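The file start_29.cif comes next; it holds mmCIF, C-alpha atoms.
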data_my_file
#
loop_
_atom_site.group_PDB
_atom_site.id
_atom_site.type_symbol
_atom_site.label_atom_id
_atom_site.label_comp_id
_atom_site.auth_asym_id
_atom_site.auth_seq_id
_atom_site.Cartn_x
_atom_site.Cartn_y
_atom_site.Cartn_z
ATOM 1 C CA MET A 1 23.420 15.161 5.456
ATOM 2 C CA MET A 2 20.233 17.127 6.071
ATOM 3 C CA SER A 3 19.533 19.861 8.578
ATOM 4 C CA TRP A 4 17.341 19.217 11.606
ATOM 5 C CA ALA A 5 15.114 22.116 10.537
ATOM 6 C CA THR A 6 14.339 20.357 7.253
ATOM 7 C CA LEU A 7 13.691 17.018 8.936
ATOM 8 C CA SER A 8 11.453 18.629 11.579
ATOM 9 C CA VAL A 9 9.151 19.745 8.769
ATOM 10 C CA PHE A 10 9.439 16.690 6.518
ATOM 11 C CA VAL A 11 8.678 14.033 9.163
ATOM 12 C CA PRO A 12 5.314 15.396 10.386
ATOM 13 C CA THR A 13 4.329 16.282 6.809
ATOM 14 C CA PHE A 14 4.834 12.764 5.497
ATOM 15 C CA LEU A 15 3.444 11.190 8.693
ATOM 16 C CA PHE A 16 0.167 13.031 8.143
ATOM 17 C CA VAL A 17 0.069 12.026 4.472
ATOM 18 C CA SER A 18 0.929 8.388 5.218
ATOM 19 C CA LEU A 19 -1.725 7.971 7.919
ATOM 20 C CA THR A 20 -4.419 9.362 5.617
ATOM 21 C CA PRO A 21 -6.540 6.459 4.276
ATOM 22 C CA GLY A 22 -5.399 5.475 0.794
ATOM 23 C CA MET A 23 -5.028 2.441 -1.439
ATOM 24 C CA CYS A 24 -2.075 0.896 0.377
ATOM 25 C CA MET A 25 -3.499 1.558 3.835
ATOM 26 C CA THR A 26 -6.868 0.098 2.849
ATOM 27 C CA LEU A 27 -5.109 -2.936 1.411
ATOM 28 C CA ALA A 28 -3.180 -3.372 4.670
ATOM 29 C CA MET A 29 -6.421 -3.244 6.656
ATOM 30 C CA VAL A 30 -8.138 -5.764 4.378
ATOM 31 C CA LEU A 31 -5.245 -8.225 4.577
ATOM 32 C CA GLY A 32 -4.915 -7.694 8.316
ATOM 33 C CA MET A 33 -8.554 -8.740 8.505
ATOM 34 C CA THR A 34 -8.333 -11.760 6.209
ATOM 35 C CA GLN A 35 -4.721 -12.931 6.560
ATOM 36 C CA GLY A 36 -3.581 -11.578 9.912
ATOM 37 C CA VAL A 37 -0.891 -9.023 10.662
ATOM 38 C CA LYS A 38 2.030 -11.448 10.436
ATOM 39 C CA ARG A 39 1.167 -12.617 6.925
ATOM 40 C CA THR A 40 0.323 -9.070 5.802
ATOM 41 C CA LEU A 41 3.994 -8.240 6.349
ATOM 42 C CA TRP A 42 4.693 -9.888 2.985
ATOM 43 C CA MET A 43 2.391 -7.404 1.260
ATOM 44 C CA MET A 44 4.183 -4.636 3.123
ATOM 45 C CA VAL A 45 7.544 -5.831 1.792
ATOM 46 C CA GLY A 46 6.297 -5.510 -1.783
ATOM 47 C CA GLU A 47 4.660 -2.154 -1.092
ATOM 48 C CA LEU A 48 7.789 -0.726 0.525
ATOM 49 C CA ILE A 49 9.929 -1.863 -2.420
ATOM 50 C CA GLY A 50 7.484 -0.129 -4.750
ATOM 51 C CA VAL A 51 7.348 3.064 -2.689
ATOM 52 C CA GLY A 52 11.135 3.150 -2.408
ATOM 53 C CA PHE A 53 11.484 2.775 -6.163
ATOM 54 C CA VAL A 54 8.942 5.496 -6.913
ATOM 55 C CA ALA A 55 10.469 7.889 -4.366
ATOM 56 C CA ALA A 56 13.986 7.317 -5.700
ATOM 57 C CA ALA A 57 12.833 7.792 -9.294
ATOM 58 C CA ALA A 58 10.941 10.949 -8.381
ATOM 59 C CA GLY A 59 13.916 12.381 -6.517
ATOM 60 C CA ALA A 60 16.204 11.626 -9.439
ATOM 61 C CA GLY A 61 13.823 13.198 -11.945
ATOM 62 C CA VAL A 62 12.915 9.936 -13.682
ATOM 63 C CA ALA A 63 9.282 10.340 -12.664
ATOM 64 C CA ALA A 64 8.899 13.289 -15.008
ATOM 65 C CA LEU A 65 9.819 11.040 -17.927
ATOM 66 C CA MET A 66 7.529 8.241 -16.732
ATOM 67 C CA LEU A 67 4.560 10.580 -16.423
ATOM 68 C CA ARG A 68 5.049 11.595 -20.068
ATOM 69 C CA GLN A 69 4.245 7.992 -21.016
ATOM 70 C CA PRO A 70 0.681 7.694 -19.630
ATOM 71 C CA GLU A 71 -0.082 4.624 -21.729
ATOM 72 C CA LEU A 72 2.334 2.606 -19.554
ATOM 73 C CA PHE A 73 0.439 3.563 -16.419
ATOM 74 C CA ILE A 74 -2.954 3.059 -18.035
ATOM 75 C CA ALA A 75 -2.161 -0.544 -18.976
ATOM 76 C CA PHE A 76 -0.434 -1.331 -15.676
ATOM 77 C CA LYS A 77 -3.059 0.205 -13.411
ATOM 78 C CA TRP A 78 -5.986 -1.410 -15.259
ATOM 79 C CA ILE A 79 -4.397 -4.842 -15.038
ATOM 80 C CA GLY A 80 -3.576 -4.314 -11.367
ATOM 81 C CA GLY A 81 -7.021 -2.867 -10.624
ATOM 82 C CA ALA A 82 -8.788 -5.756 -12.350
ATOM 83 C CA TYR A 83 -6.729 -8.274 -10.385
ATOM 84 C CA LEU A 84 -7.529 -6.623 -7.044
ATOM 85 C CA ALA A 85 -11.219 -6.382 -7.979
ATOM 86 C CA TYR A 86 -11.212 -10.102 -8.857
ATOM 87 C CA LEU A 87 -9.759 -10.903 -5.439
ATOM 88 C CA GLY A 88 -12.440 -8.705 -3.875
ATOM 89 C CA ILE A 89 -15.222 -10.593 -5.670
ATOM 90 C CA MET A 90 -13.760 -13.896 -4.483
ATOM 91 C CA MET A 91 -13.659 -12.528 -0.917
ATOM 92 C CA TRP A 92 -17.277 -11.373 -1.205
ATOM 93 C CA ARG A 93 -18.244 -14.912 -2.223
ATOM 94 C CA SER A 94 -16.117 -16.357 0.625
ATOM 95 C CA ARG A 95 -13.947 -18.208 -1.883
ATOM 96 C CA GLY A 96 -10.231 -18.351 -2.613
ATOM 97 C CA ARG A 97 -7.209 -18.095 -0.371
ATOM 98 C CA MET A 98 -7.717 -14.403 0.323
ATOM 99 C CA ALA A 99 -11.091 -14.983 1.988
ATOM 100 C CA ILE A 100 -11.564 -15.820 5.648
ATOM 101 C CA PRO A 101 -12.488 -19.513 6.027
ATOM 102 C CA SER A 102 -15.689 -20.473 7.839
ATOM 103 C CA GLU A 103 -13.480 -21.635 10.684
ATOM 104 C CA LEU A 104 -11.339 -18.611 11.533
ATOM 105 C CA ASP A 105 -8.248 -20.623 12.400
ATOM 106 C CA THR A 106 -8.291 -22.984 9.420
ATOM 107 C CA GLY A 107 -8.041 -22.845 5.654
ATOM 108 C CA PRO A 108 -5.231 -22.177 3.174
ATOM 109 C CA ALA A 109 -3.452 -18.846 3.445
ATOM 110 C CA ALA A 110 -2.520 -16.629 0.522
ATOM 111 C CA GLY A 111 0.978 -17.194 -0.861
ATOM 112 C CA ARG A 112 3.802 -14.934 0.239
ATOM 113 C CA LEU A 113 4.714 -14.025 -3.335
ATOM 114 C CA GLN A 114 1.083 -13.256 -4.154
ATOM 115 C CA LEU A 115 0.883 -10.887 -1.201
ATOM 116 C CA ALA A 116 4.176 -9.192 -2.060
ATOM 117 C CA ILE A 117 3.111 -8.692 -5.687
ATOM 118 C CA GLN A 118 -0.153 -7.112 -4.510
ATOM 119 C CA GLY A 119 1.776 -4.544 -2.499
ATOM 120 C CA LEU A 120 4.294 -3.873 -5.271
ATOM 121 C CA VAL A 121 1.651 -3.408 -7.982
ATOM 122 C CA THR A 122 -0.489 -1.165 -5.786
ATOM 123 C CA ALA A 123 2.477 1.113 -5.047
ATOM 124 C CA VAL A 124 4.064 1.291 -8.505
ATOM 125 C CA ALA A 125 0.910 1.385 -10.662
ATOM 126 C CA ASN A 126 -0.451 4.516 -9.026
ATOM 127 C CA PRO A 127 0.365 7.635 -11.124
ATOM 128 C CA LYS A 128 -0.753 9.839 -8.240
ATOM 129 C CA GLY A 129 2.041 8.349 -6.142
ATOM 130 C CA TRP A 130 4.624 9.344 -8.745
ATOM 131 C CA ALA A 131 3.194 12.852 -9.022
ATOM 132 C CA PHE A 132 2.998 13.168 -5.230
ATOM 133 C CA PHE A 133 6.662 12.361 -4.713
ATOM 134 C CA MET A 134 7.642 14.696 -7.544
ATOM 135 C CA VAL A 135 5.917 17.502 -5.647
ATOM 136 C CA LEU A 136 6.883 16.461 -2.107
ATOM 137 C CA LEU A 137 10.577 15.639 -2.379
ATOM 138 C CA PRO A 138 12.226 18.523 -4.320
ATOM 139 C CA PRO A 139 11.449 21.239 -1.720
ATOM 140 C CA PHE A 140 13.328 19.217 0.909
ATOM 141 C CA LEU A 141 16.444 18.643 -1.222
ATOM 142 C CA ASP A 142 19.281 21.149 -0.869
ATOM 143 C CA SER A 143 20.961 21.723 -4.242
ATOM 144 C CA SER A 144 24.162 22.870 -2.474
ATOM 145 C CA ARG A 145 24.645 19.426 -0.935
ATOM 146 C CA PRO A 146 25.166 15.982 -2.520
ATOM 147 C CA LEU A 147 21.862 14.541 -3.721
ATOM 148 C CA ALA A 148 22.402 10.847 -2.924
ATOM 149 C CA PRO A 149 22.815 11.130 0.894
ATOM 150 C CA GLN A 150 19.826 13.457 1.176
ATOM 151 C CA LEU A 151 17.593 11.271 -0.977
ATOM 152 C CA SER A 152 18.693 8.132 0.868
ATOM 153 C CA MET A 153 17.797 9.667 4.229
ATOM 154 C CA LEU A 154 14.403 10.896 3.030
ATOM 155 C CA ILE A 155 13.545 7.505 1.506
ATOM 156 C CA ALA A 156 14.582 5.735 4.724
ATOM 157 C CA ILE A 157 12.260 8.022 6.685
ATOM 158 C CA ILE A 158 9.452 7.518 4.162
ATOM 159 C CA LEU A 159 9.717 3.723 4.328
ATOM 160 C CA THR A 160 9.841 3.729 8.139
ATOM 161 C CA ILE A 161 6.731 5.890 8.424
ATOM 162 C CA GLU A 162 4.943 3.946 5.679
ATOM 163 C CA PHE A 163 5.665 0.630 7.401
ATOM 164 C CA ALA A 164 4.454 1.931 10.779
ATOM 165 C CA SER A 165 1.267 3.293 9.194
ATOM 166 C CA MET A 166 0.478 0.019 7.403
ATOM 167 C CA LEU A 167 1.082 -1.841 10.648
ATOM 168 C CA VAL A 168 -1.511 0.360 12.361
ATOM 169 C CA TYR A 169 -4.071 -0.329 9.630
ATOM 170 C CA ALA A 170 -3.338 -4.068 9.530
ATOM 171 C CA THR A 171 -3.735 -4.265 13.306
ATOM 172 C CA GLY A 172 -7.049 -2.437 12.994
ATOM 173 C CA GLY A 173 -8.205 -4.999 10.444
ATOM 174 C CA LYS A 174 -7.215 -7.862 12.717
ATOM 175 C CA THR A 175 -9.073 -6.238 15.610
ATOM 176 C CA LEU A 176 -12.207 -5.905 13.476
ATOM 177 C CA ARG A 177 -11.909 -9.571 12.545
ATOM 178 C CA LYS A 178 -11.765 -10.563 16.217
ATOM 179 C CA LEU A 179 -14.746 -8.388 17.150
ATOM 180 C CA LEU A 180 -17.010 -9.663 14.379
ATOM 181 C CA GLY A 181 -15.603 -13.177 14.451
ATOM 182 C CA LYS A 182 -16.865 -13.674 17.987
ATOM 183 C CA SER A 183 -20.408 -13.431 16.660
ATOM 184 C CA GLY A 184 -19.712 -15.887 13.866
ATOM 185 C CA ASN A 185 -20.067 -13.202 11.218
ATOM 186 C CA VAL A 186 -17.443 -14.667 8.887
ATOM 187 C CA ARG A 187 -19.573 -14.032 5.795
ATOM 188 C CA LEU A 188 -20.017 -10.402 6.858
ATOM 189 C CA LEU A 189 -16.252 -10.068 7.363
ATOM 190 C CA ASN A 190 -15.598 -11.459 3.896
ATOM 191 C CA ARG A 191 -18.119 -9.060 2.369
ATOM 192 C CA ILE A 192 -16.589 -6.079 4.153
ATOM 193 C CA ALA A 193 -13.103 -7.138 3.063
ATOM 194 C CA GLY A 194 -14.283 -7.922 -0.466
ATOM 195 C CA THR A 195 -16.012 -4.563 -0.838
ATOM 196 C CA LEU A 196 -12.901 -2.724 0.342
ATOM 197 C CA MET A 197 -10.688 -4.754 -2.006
ATOM 198 C CA ILE A 198 -12.978 -4.035 -4.958
ATOM 199 C CA GLY A 199 -12.824 -0.378 -3.961
ATOM 200 C CA VAL A 200 -9.014 -0.455 -3.975
ATOM 201 C CA GLY A 201 -9.060 -2.070 -7.407
ATOM 202 C CA ALA A 202 -11.454 0.550 -8.786
ATOM 203 C CA TRP A 203 -9.412 3.306 -7.152
ATOM 204 C CA LEU A 204 -6.255 2.008 -8.783
ATOM 205 C CA ALA A 205 -7.835 1.564 -12.224
ATOM 206 C CA LEU A 206 -9.911 4.745 -12.369
ATOM 207 C CA GLY A 207 -7.901 7.104 -10.174
#

Please re-express this file's structure in structure tokens.
Amino acid sequence: MMSWATLSVFVPTFLFVSLTPGMCMTLAMVLGMTQGVKRTLWMMVGELIGVGFVAAAAGAGVAALMLRQPELFIAFKWIGGAYLAYLGIMMWRSRGRMAIPSELDTGPAAGRLQLAIQGLVTAVANPKGWAFFMVLLPPFLDSSRPLAPQLSMLIAIILTIEFASMLVYATGGKTLRKLLGKSGNVRLLNRIAGTLMIGVGAWLALG
């Protein structure tokens, strides 16, 4: 297992990084606004699977190999970025299942699989995420101890903090929806959400 001294440094370090606004946190806020916190949990499931995969690969050294094949990331992140930007445009126009309906409590919701795929693609298609974990994890791994238990504990902590952070952002999005929704500003909400979603897509594709 890992020493308490190591964990006492790792936990606040990753907590700070996780709470910093980024693609996944922005996505959580947008979906909290348009889909509600409960339905956003499906996006979080996909995102956590993606983050867990990237962290495990980085800890095992696979990330170094992946980063030597930039064409894989280029294709994946452009496809993912274009898809998120498309959803953002539909939100801006108050169309599609991702947009908030004119009546806040009615309208079709986005599919669970669609939400989960959004989270998974956003997490896995980000080369900066792979590079970040390659830099973050090795200093906290003790070469004199078995790798698997240490990596498992760190990934469990990462996923717990990541989930809590996304929950905070999704709740913030829902709160914003309630505040603006009282004034009947559904179109404004959709345009805010759409702009943020387009921004996430551009961030993913161009970052």

Open item on the list: Applying the PyMOL selection byres ((chain A and resi 165-167) around 12) to the file I just gave you, which residues come out? Please list them as a ChimeraX atom specification.
Closed with: /A:14-32,36-45,47-48,119,158-164,168-174

TODO: Taking the point (17.1, 14.3, 4.0) as given in the file, collect each protein or nucleic acid residue that comes within 7 Å of it, counting all atoms listed in the file, and present the set as a ChimeraX atom specification.
DONE: /A:1-2,7,140-141,150-151,153-154

Task: Expected selection from the PyMOL selection byres ((chain A and resi 82-85) around 8), given as an MDAnalysis selection string - done: chainID A and resid 78:81 86:89 118 197:202 205

Task: Which residue of A:Thr6, A:Thr122, A:Gln114, A:Asn185 approaches Phe76 of chain A most closely, using all atoms listed in the file - done: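 Ranking A:Thr6, A:Thr122, A:Gln114, A:Asn185 by distance to Phe76 of chain A, first place goes to A:Thr122.
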
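Going from atom CA of Phe53 of chain A over to atom CA of Glu71 of chain A, you cover 19.5 Å.
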
Open item on the list: For a quick check of understanding, using only C-alpha atoms, which of A:Arg95, A:Arg177, A:Arg191, A:Lys128 has the smallest distance to Ala110 of chain A?
Closed with: A:Arg95

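For the file shown, the residue list from the PyMOL selection byres ((chain A and resi 54) around 8) reads Gly50, Val51, Gly52, Phe53, Ala55, Ala56, Ala57, Ala58, Ala63, Val124, Gly129, Trp130 and Phe133 of chain A.
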
- [ ] Grab the atom CA of Lys77 of chain A to atom CA of Ala156 of chain A distance for me, in Å with one decimal place.
- [x] 25.9 Å

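Between atom CA of Arg187 of chain A and atom CA of Leu113 of chain A lies a distance of 25.9 Å.
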
Open item on the list: From the options A:Phe10, A:Trp92, A:Trp203, A:Trp4, which residue's atoms come nearest to Thr34 of chain A, counting all atoms listed in the file?
Closed with: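 The closest residue to Thr34 of chain A is A:Trp92.
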
Open item on the list: Considering all atoms listed in the file, can you say which of A:Leu136, A:Ala60, A:Ile192, A:Ala5 comes closest to Ala148 of chain A?
Closed with: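 That would be A:Ala60, the residue with the smallest distance to Ala148 of chain A.
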
For segment 52-63 of chain A, take all atoms listed in the file, fit an axis-aligned box around them, add 3 Å to each of the six sides, then output centre and edge lengths in Å rounded to one decimal, as lines of an AutoDock Vina configuration file.
center_x = 12.6
center_y = 8.0
center_z = -8.0
size_x = 13.3
size_y = 16.4
size_z = 17.3

Task: Proximity to Gly46 of chain A - best of A:Leu115, A:Met134, A:Leu180, A:Ala75, all atoms listed in the file - done: A:Leu115
